[in-house]
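Participant: One structure, pasted below without further comment.
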Amino acid sequence: MAFATHRSIDLSRLLESVSGVGLGGTAVFVGTVRRGPDDGPVAWIDYSGYEEMLEAEFGRILDEAANRWPQARFGAQHRLGRVPVGEASIAVVAGAPHRAEALEACQYIIEEAKNRLPVWKKEVFDDGMTAWRENSVSQADAERA
C-alpha cells in the first residue's frame, strides 16, 4: 500500500495490515480537516507533496518504529489533493502485543510524520481566500511531549 493517496483513506485496509493473533493492542490516529474557532471558515485543505520523497521518508519512519517496537506492525497513509472539512488527511495505525506499545508507536509515527514529511497544506476558506499552514507539530504539542 502506498503511503500517499489522492483518494479517501481506507482505514479498514490499514487496520487489516496491522492485525495478527499475537497483537492484542491496536492504536489508531486519524487526522481530519477541521473547522474550529481558531481556524476560520475553512472549506477544505489542498495538500501537496513531493510524492517520491514522501514515500521514502514515511518508509524510513516506519522502519525506525519497527526497530523500536520489533513485535509490532504499522500502517500509514497521507492524503494529497483537495480534502474537505471532516474528511481524513492522515491515518496511522499500530498493532502490538500490548496497548502501551501500540499507543507509543502510533504517537511516535504521527509526530515524526508531521515533522519530516514533505507535505504542504493550503487552507481554502468559504470566501475563496487561502492561507498556507505549517505542517508540523505545534508549539503547544511540543511542550506537552
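As shown in the C-alpha cells, the chain order sets the letters A, B, ...; within each chain, residues go from 1, and ligands are also counted from 1 in the order they appear.
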As a PDB file with all heavy atoms, in the first residue's frame, please: the residues near Ala56 (chain A) (cut-off 10 Å, only C-alpha atoms, same-chain neighbours under 4 positions excluded).

Facilitator:
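Result file follows (part-v6.pdb):
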```pdb
ATOM      1  N   PHE A   3       1.988   5.055   0.705  1.00  0.00           N
ATOM      2  CA  PHE A   3       1.792   5.961   1.834  1.00  0.00           C
ATOM      3  C   PHE A   3       1.022   7.214   1.415  1.00  0.00           C
ATOM      4  O   PHE A   3       0.331   7.802   2.225  1.00  0.00           O
ATOM      5  CB  PHE A   3       3.124   6.365   2.453  1.00  0.00           C
ATOM      6  CG  PHE A   3       3.880   5.203   3.027  1.00  0.00           C
ATOM      7  CD1 PHE A   3       5.156   4.914   2.588  1.00  0.00           C
ATOM      8  CD2 PHE A   3       3.329   4.402   4.017  1.00  0.00           C
ATOM      9  CE1 PHE A   3       5.873   3.853   3.121  1.00  0.00           C
ATOM     10  CE2 PHE A   3       4.027   3.333   4.555  1.00  0.00           C
ATOM     11  CZ  PHE A   3       5.308   3.058   4.103  1.00  0.00           C
ATOM     12  N   GLU A  51       5.901  13.465  -3.767  1.00  0.00           N
ATOM     13  CA  GLU A  51       5.445  12.105  -3.507  1.00  0.00           C
ATOM     14  C   GLU A  51       6.572  11.088  -3.368  1.00  0.00           C
ATOM     15  O   GLU A  51       6.514  10.229  -2.484  1.00  0.00           O
ATOM     16  CB  GLU A  51       4.443  11.662  -4.565  1.00  0.00           C
ATOM     17  CG  GLU A  51       3.112  12.382  -4.414  1.00  0.00           C
ATOM     18  CD  GLU A  51       2.032  11.856  -5.328  1.00  0.00           C
ATOM     19  OE1 GLU A  51       1.812  10.632  -5.349  1.00  0.00           O
ATOM     20  OE2 GLU A  51       1.405  12.691  -6.006  1.00  0.00           O
ATOM     21  N   GLU A  52       7.574  11.141  -4.208  1.00  0.00           N
ATOM     22  CA  GLU A  52       8.672  10.171  -4.099  1.00  0.00           C
ATOM     23  C   GLU A  52       9.372  10.304  -2.757  1.00  0.00           C
ATOM     24  O   GLU A  52       9.696   9.312  -2.107  1.00  0.00           O
ATOM     25  CB  GLU A  52       9.665  10.348  -5.242  1.00  0.00           C
ATOM     26  CG  GLU A  52       9.138   9.900  -6.580  1.00  0.00           C
ATOM     27  CD  GLU A  52      10.131  10.144  -7.697  1.00  0.00           C
ATOM     28  OE1 GLU A  52      11.323  10.400  -7.423  1.00  0.00           O
ATOM     29  OE2 GLU A  52       9.703  10.083  -8.859  1.00  0.00           O
ATOM     30  N   ARG A  60      11.041   5.260   5.967  1.00  0.00           N
ATOM     31  CA  ARG A  60      12.094   5.365   6.993  1.00  0.00           C
ATOM     32  C   ARG A  60      11.481   5.478   8.391  1.00  0.00           C
ATOM     33  O   ARG A  60      11.970   4.876   9.352  1.00  0.00           O
ATOM     34  CB  ARG A  60      13.009   6.550   6.703  1.00  0.00           C
ATOM     35  CG  ARG A  60      14.050   6.268   5.628  1.00  0.00           C
ATOM     36  CD  ARG A  60      15.096   7.369   5.537  1.00  0.00           C
ATOM     37  NE  ARG A  60      14.603   8.560   4.870  1.00  0.00           N
ATOM     38  CZ  ARG A  60      14.544   8.724   3.554  1.00  0.00           C
ATOM     39  NH1 ARG A  60      14.935   7.756   2.741  1.00  0.00           N
ATOM     40  NH2 ARG A  60      14.097   9.842   3.034  1.00  0.00           N
ATOM     41  N   ILE A  61      10.432   6.277   8.505  1.00  0.00           N
ATOM     42  CA  ILE A  61       9.776   6.444   9.807  1.00  0.00           C
ATOM     43  C   ILE A  61       9.237   5.102  10.306  1.00  0.00           C
ATOM     44  O   ILE A  61       9.428   4.739  11.473  1.00  0.00           O
ATOM     45  CB  ILE A  61       8.657   7.506   9.722  1.00  0.00           C
ATOM     46  CG1 ILE A  61       9.259   8.897   9.489  1.00  0.00           C
ATOM     47  CG2 ILE A  61       7.797   7.490  10.985  1.00  0.00           C
ATOM     48  CD1 ILE A  61       8.251   9.965   9.087  1.00  0.00           C
ATOM     49  N   LEU A 117       7.678  14.812   6.914  1.00  0.00           N
ATOM     50  CA  LEU A 117       7.157  14.556   5.570  1.00  0.00           C
ATOM     51  C   LEU A 117       7.125  15.836   4.732  1.00  0.00           C
ATOM     52  O   LEU A 117       6.748  16.899   5.227  1.00  0.00           O
ATOM     53  CB  LEU A 117       5.746  13.969   5.642  1.00  0.00           C
ATOM     54  CG  LEU A 117       5.629  12.572   6.228  1.00  0.00           C
ATOM     55  CD1 LEU A 117       4.173  12.112   6.180  1.00  0.00           C
ATOM     56  CD2 LEU A 117       6.523  11.568   5.521  1.00  0.00           C
TER      57      LEU A 117
END
```

Participant: Return as a ChimeraX atom specification the full set of residues in region 3-34 of chain A whose backbone-based DSSP assignment is alpha helix (DSSP H).

Facilitator: /A:11-17

Participant: Give me, as a tab-separated table, each residue of region 1-72 of chain A that comes within 8 Å of region 106-113 of chain A, together with its shortest interatomic pair and the distance in Å at one decimal, counting only C-alpha atoms, with rows ordered by chain and rising residue number.

Facilitator:
```
residue	atom	partner	partner_atom	distance
A:Ala27	CA	A:Cys106	CA	6.2
A:Val28	CA	A:Cys106	CA	6.9
A:Phe29	CA	A:Cys106	CA	7.0
A:Phe58	CA	A:Ala113	CA	6.9
A:Ile61	CA	A:Ile109	CA	6.5
A:Leu62	CA	A:Ile109	CA	7.0
A:Ala65	CA	A:Ile109	CA	7.0
```

Participant: Let me make sure I understand: among A:Ser19, A:Ser89, A:Asn67, A:Asn115, which one has the smallest atom-to-atom distance to His6 (chain A) if we use only C-alpha atoms?

Facilitator: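 Smallest separation from His6 (chain A) among the options: A:Ser89.
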
Participant: For Gly75 (chain A), find every residue with an atom within 9 Å (counting only C-alpha atoms), except residues of its own chain fewer than 6 positions away, and show them as number ranges by chain.

Facilitator: A: 1, 3, 14-15, 17-18, 62, 91-95

Participant: Smallest atom-to-atom distance to Leu103 (chain A): which of A:Asp46, A:Arg7, A:Arg133, A:Gly24, using only C-alpha atoms?

Facilitator: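 For Leu103 (chain A), the nearest of the candidates is A:Gly24.
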
Participant: Can you list, as a count of residues only, every protein, DNA or RNA residue that comes within 10 Å of Gly40 (chain A) when you count only C-alpha atoms, leaving out same-chain residues fewer than 6 positions away?

Facilitator: 5

Participant: Which residue gives the smallest distance to Ser12 (chain A) among A:Ala76, A:Ala100, A:Val42, A:Val33, with only C-alpha atoms counted?

Facilitator: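 Looking only at the distances to Ser12 (chain A), the closest residue turns out to be A:Ala76.
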
Participant: List as a short mmCIF file (atom, residue, chain, number, x, y, z; two decimals) with all heavy atoms, in the first residue's frame the protein and nucleic acid residues near Gly22 (chain A), meaning an atom at most 9 Å away when only C-alpha atoms are counted, but skip any in the same chain fewer than 6 places from it.

Facilitator:
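As written to disk, result_20.cif reads:
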```cif
data_model
loop_
_atom_site.label_atom_id
_atom_site.label_comp_id
_atom_site.auth_asym_id
_atom_site.auth_seq_id
_atom_site.Cartn_x
_atom_site.Cartn_y
_atom_site.Cartn_z
N GLN A 71 8.08 -6.24 17.60
CA GLN A 71 6.97 -7.19 17.53
C GLN A 71 5.69 -6.54 16.98
O GLN A 71 4.67 -7.21 16.86
CB GLN A 71 6.69 -7.78 18.91
CG GLN A 71 7.83 -8.64 19.42
CD GLN A 71 7.54 -9.19 20.79
OE1 GLN A 71 7.05 -8.48 21.66
NE2 GLN A 71 7.81 -10.48 20.97
N ALA A 96 0.33 -4.01 18.21
CA ALA A 96 1.43 -4.51 19.03
C ALA A 96 0.88 -5.54 20.03
O ALA A 96 -0.33 -5.61 20.24
CB ALA A 96 2.10 -3.35 19.77
N PRO A 97 1.78 -6.29 20.66
CA PRO A 97 1.31 -7.26 21.65
C PRO A 97 0.50 -6.62 22.78
O PRO A 97 -0.43 -7.23 23.29
CB PRO A 97 2.60 -7.89 22.18
CG PRO A 97 3.56 -7.77 21.04
CD PRO A 97 3.21 -6.43 20.41
#
```

Participant: Rounded to one decimal in Å, what is the spacing between CA of Ile9 (chain A) and CA of Asp127 (chain A)?

Facilitator: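 Going from CA of Ile9 (chain A) over to CA of Asp127 (chain A) covers 27.3 Å.
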
Participant: Could you tell me how far CA of Ala88 (chain A) sits from CA of Leu23 (chain A), in Å to one decimal place?

Facilitator: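 Taking CA of Leu23 (chain A) and CA of Ala88 (chain A), their separation equals 25.1 Å.
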
Participant: Could you give me, as a list in words, each residue of region 39-70 of chain A that DSSP assigns to strand (DSSP E) when run on this structure's backbone?

Facilitator: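 Going through region 39-70 of chain A, the strand (DSSP E) residues come out as Val42, Ala43, Trp44, Ile45, Asp46, Tyr47, Ser48 and Gly49 of chain A.
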
Participant: Please produce a file of the residues just selected, as a compact mmCIF listing (two decimals), in the first residue's frame, where the atoms kept are all heavy atoms.

Facilitator:
```txt
# COMPACT_ATOMS: atom_id res chain seq x y z
N VAL A 42 -12.82 27.42 7.20
CA VAL A 42 -12.13 26.53 6.27
C VAL A 42 -13.16 25.69 5.53
O VAL A 42 -14.03 25.08 6.14
CB VAL A 42 -11.13 25.62 7.01
CG1 VAL A 42 -10.51 24.60 6.07
CG2 VAL A 42 -10.05 26.45 7.70
N ALA A 43 -13.05 25.65 4.21
CA ALA A 43 -13.91 24.79 3.39
C ALA A 43 -13.21 23.48 3.07
O ALA A 43 -13.82 22.42 3.09
CB ALA A 43 -14.30 25.51 2.10
N TRP A 44 -11.91 23.57 2.76
CA TRP A 44 -11.10 22.38 2.50
C TRP A 44 -9.64 22.76 2.62
O TRP A 44 -9.29 23.94 2.70
CB TRP A 44 -11.40 21.76 1.14
CG TRP A 44 -10.91 22.53 -0.05
CD1 TRP A 44 -9.67 22.50 -0.61
CD2 TRP A 44 -11.67 23.44 -0.86
NE1 TRP A 44 -9.59 23.33 -1.70
CE2 TRP A 44 -10.81 23.91 -1.88
CE3 TRP A 44 -12.98 23.89 -0.84
CZ2 TRP A 44 -11.23 24.81 -2.84
CZ3 TRP A 44 -13.39 24.78 -1.80
CH2 TRP A 44 -12.53 25.24 -2.79
N ILE A 45 -8.79 21.74 2.62
CA ILE A 45 -7.34 21.96 2.57
C ILE A 45 -6.83 21.26 1.33
O ILE A 45 -7.22 20.13 1.03
CB ILE A 45 -6.63 21.42 3.83
CG1 ILE A 45 -7.06 22.22 5.06
CG2 ILE A 45 -5.11 21.49 3.65
CD1 ILE A 45 -6.42 21.77 6.37
N ASP A 46 -5.97 21.96 0.62
CA ASP A 46 -5.30 21.39 -0.55
C ASP A 46 -3.91 20.96 -0.11
O ASP A 46 -3.06 21.81 0.17
CB ASP A 46 -5.23 22.42 -1.67
CG ASP A 46 -4.65 21.85 -2.95
OD1 ASP A 46 -4.56 20.62 -3.07
OD2 ASP A 46 -4.27 22.64 -3.82
N TYR A 47 -3.70 19.64 0.01
CA TYR A 47 -2.41 19.10 0.41
C TYR A 47 -1.58 18.81 -0.83
O TYR A 47 -2.05 18.17 -1.77
CB TYR A 47 -2.58 17.78 1.18
CG TYR A 47 -3.13 17.97 2.57
CD1 TYR A 47 -4.50 17.92 2.80
CD2 TYR A 47 -2.29 18.17 3.65
CE1 TYR A 47 -5.01 18.08 4.07
CE2 TYR A 47 -2.79 18.33 4.92
CZ TYR A 47 -4.16 18.29 5.13
OH TYR A 47 -4.65 18.45 6.39
N SER A 48 -0.35 19.29 -0.82
CA SER A 48 0.57 18.97 -1.90
C SER A 48 1.83 18.40 -1.29
O SER A 48 2.15 18.67 -0.13
CB SER A 48 0.88 20.21 -2.75
OG SER A 48 1.41 21.24 -1.96
N GLY A 49 2.52 17.60 -2.06
CA GLY A 49 3.73 16.99 -1.52
C GLY A 49 4.62 16.45 -2.61
O GLY A 49 4.19 16.24 -3.74
```

Participant: Let me make sure I understand: among A:Leu54, A:Trp132, A:Ser8, A:Gly20, which one has the smallest atom-to-atom distance to Pro118 (chain A) if we use only C-alpha atoms?

Facilitator: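 Selected residue with least distance to Pro118 (chain A): A:Leu54.
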
Participant: Mind giving me the straight-line distance from CA of Glu16 (chain A) to CA of Val85 (chain A) in Å, one decimal?

Facilitator: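 It comes out at 26.0 Å.
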